[in-house]
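Undergrad: Take a look at the following structure, please.
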Amino acid sequence: MSSSQINPQQLRPVAHDGPNGGDSPGPILHVPPHRHDEAIARLVWQPGGDRDHARRFMDYARTHRIALDRMWAKIDPLDRIQEVVLAVPSPGRTAILFSSHPQNKDQVRSLGGVIDAACQNLRREDIDLAQVLLDPTETLEQAAFSYGGFLALATLSYLERPVRLPRGVVASPPRWPLGAKVMAYQPSMDAQLLDILDASYEDTLDCPDLRGHRKTVDILNGHRHSGVFDPTLWTLLTLDGQGVGALLLNPSVDGGIIELVYLGLAKSARGKGLGRQLLRYGLRLIESRREKNITLAVDETNLPAVSLYQAEGFRSALRRVAMIRPLEPAI
């Protein structure tokens, strides 16, 4: 989606009644470029916070080419920016939202109205799903996003482990059953990979409520643009000639880590230890690379996956509450 489709200079503050048509949070402004600095300062402000945080955020946004043209804010009677929401679209027809931090219940409702206004505007673009990741302690932020029409999806555990194990520790090699075969992904395999992804979503334990809100081709596009796409790090698994699994690994843009973007098996292939063998295959695939760590995110309620990753040396790094708001009818 081109940012040229939005012209902030032509937008004016508009009254907004909130997601439930109730208490109005006041005029909401689609933030024009000349007020980006002011809006970012409010976006990142926290009591006792670092005054240079806003400057560092702006520097980060410029370095990583994060567009700031999708920011909405409540303005007070003196035309000062108050609650702020920034939407960052990503490939795969999704957008991730960032918000200022409410300090009380009044600000929760006000921010919820800004969140809803942002989503109403995103709905006019080629975006199917809005999402946010919040620290579990950010209860006021969670309440604001709930008021803004978001639903709690899952609590995600972000796990990591070294790419190379300590000297003297030998990683277990994959042991494939008869009829299993792995192959590196090639562009000609797109149809096969899409079929594998579709099959892996059936009765999945990993964020099951997400199913049906995005087309599989868009999900694949999102995977391809997460970090740096290297087809040699994407592996397809077949069993008796039938595609049953996929392991997708992407290096980060800065080259510091590798992300396990996706590991999934068709329902017919589960319970046979194939997930463990596929993971071990991927870990061997990257053990000579320069990245130091491999990371992943997993739904904490997906106990079989959590157990598998922990058994293979992954440890918890942080937790996030994932919330979503579908912007299009379910598929």
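Letters for chains follow the order of the structure tokens (A, B, ...), residue numbers begin at 1 for each chain, and ligand numbers begin at 1 in the order shown.
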Need the shell around Gln131 in chain A: protein/DNA/RNA residues with any atom at most 10 Å away, counting only C-alpha atoms. Skip same-chain ones fewer than 4 positions apart. Format as a PyMOL selection string?

TA: chain A and resi 87-88+94-98+145+150-153+322-326

Undergrad: Quick one: residues within 7 Å of range 65-75 of chain A, only C-alpha atoms counted, chain neighbours fewer than 5 positions away excluded, as a PyMOL selection string?

TA: chain A and resi 26-31+80-87+114+118

Undergrad: Can I get the selected residues back with C-alpha atoms, as a PDB file, in the first residue's frame?

TA:
```
ATOM      1  CA  GLY A  26     -12.980  14.521  21.438  1.00  0.00           C
ATOM      2  CA  PRO A  27     -11.549  15.670  18.121  1.00  0.00           C
ATOM      3  CA  ILE A  28      -9.160  13.218  16.491  1.00  0.00           C
ATOM      4  CA  LEU A  29      -6.453  14.394  14.142  1.00  0.00           C
ATOM      5  CA  HIS A  30      -4.698  12.436  11.414  1.00  0.00           C
ATOM      6  CA  VAL A  31      -1.282  13.798  12.365  1.00  0.00           C
ATOM      7  CA  ARG A  80      -2.286  19.991  21.995  1.00  0.00           C
ATOM      8  CA  ILE A  81      -1.767  16.354  21.062  1.00  0.00           C
ATOM      9  CA  GLN A  82      -2.862  13.883  23.739  1.00  0.00           C
ATOM     10  CA  GLU A  83      -3.471  10.147  23.115  1.00  0.00           C
ATOM     11  CA  VAL A  84      -1.626   8.856  20.032  1.00  0.00           C
ATOM     12  CA  VAL A  85      -1.768   5.748  17.832  1.00  0.00           C
ATOM     13  CA  LEU A  86       0.774   4.840  15.138  1.00  0.00           C
ATOM     14  CA  ALA A  87      -0.066   2.147  12.564  1.00  0.00           C
ATOM     15  CA  VAL A 114      -8.292   6.932  18.801  1.00  0.00           C
ATOM     16  CA  ALA A 118      -7.120   4.406  13.291  1.00  0.00           C
TER      17      ALA A 118
END
```

Undergrad: Residues at most 12 Å from Arg276 in chain A, counting only C-alpha atoms, excluding those fewer than 5 positions away in the same chain, as a ChimeraX atom specification?

TA: /A:172-176,245,247,263-265,269-271,281-283,304-312

Undergrad: I need the residue nearest Ser200 in chain A from this list: A:Leu129, A:Val163, A:Leu237, A:Val321. Use only C-alpha atoms for the distance.

TA: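 Closest to Ser200 in chain A, using only C-alpha atoms: A:Leu237.
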
Undergrad: Could you jot down the CA of Leu239 in chain A to CA of Val182 in chain A separation for me, Å, one decimal place?

TA: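 That distance, rounded to one decimal, is 9.0 Å.
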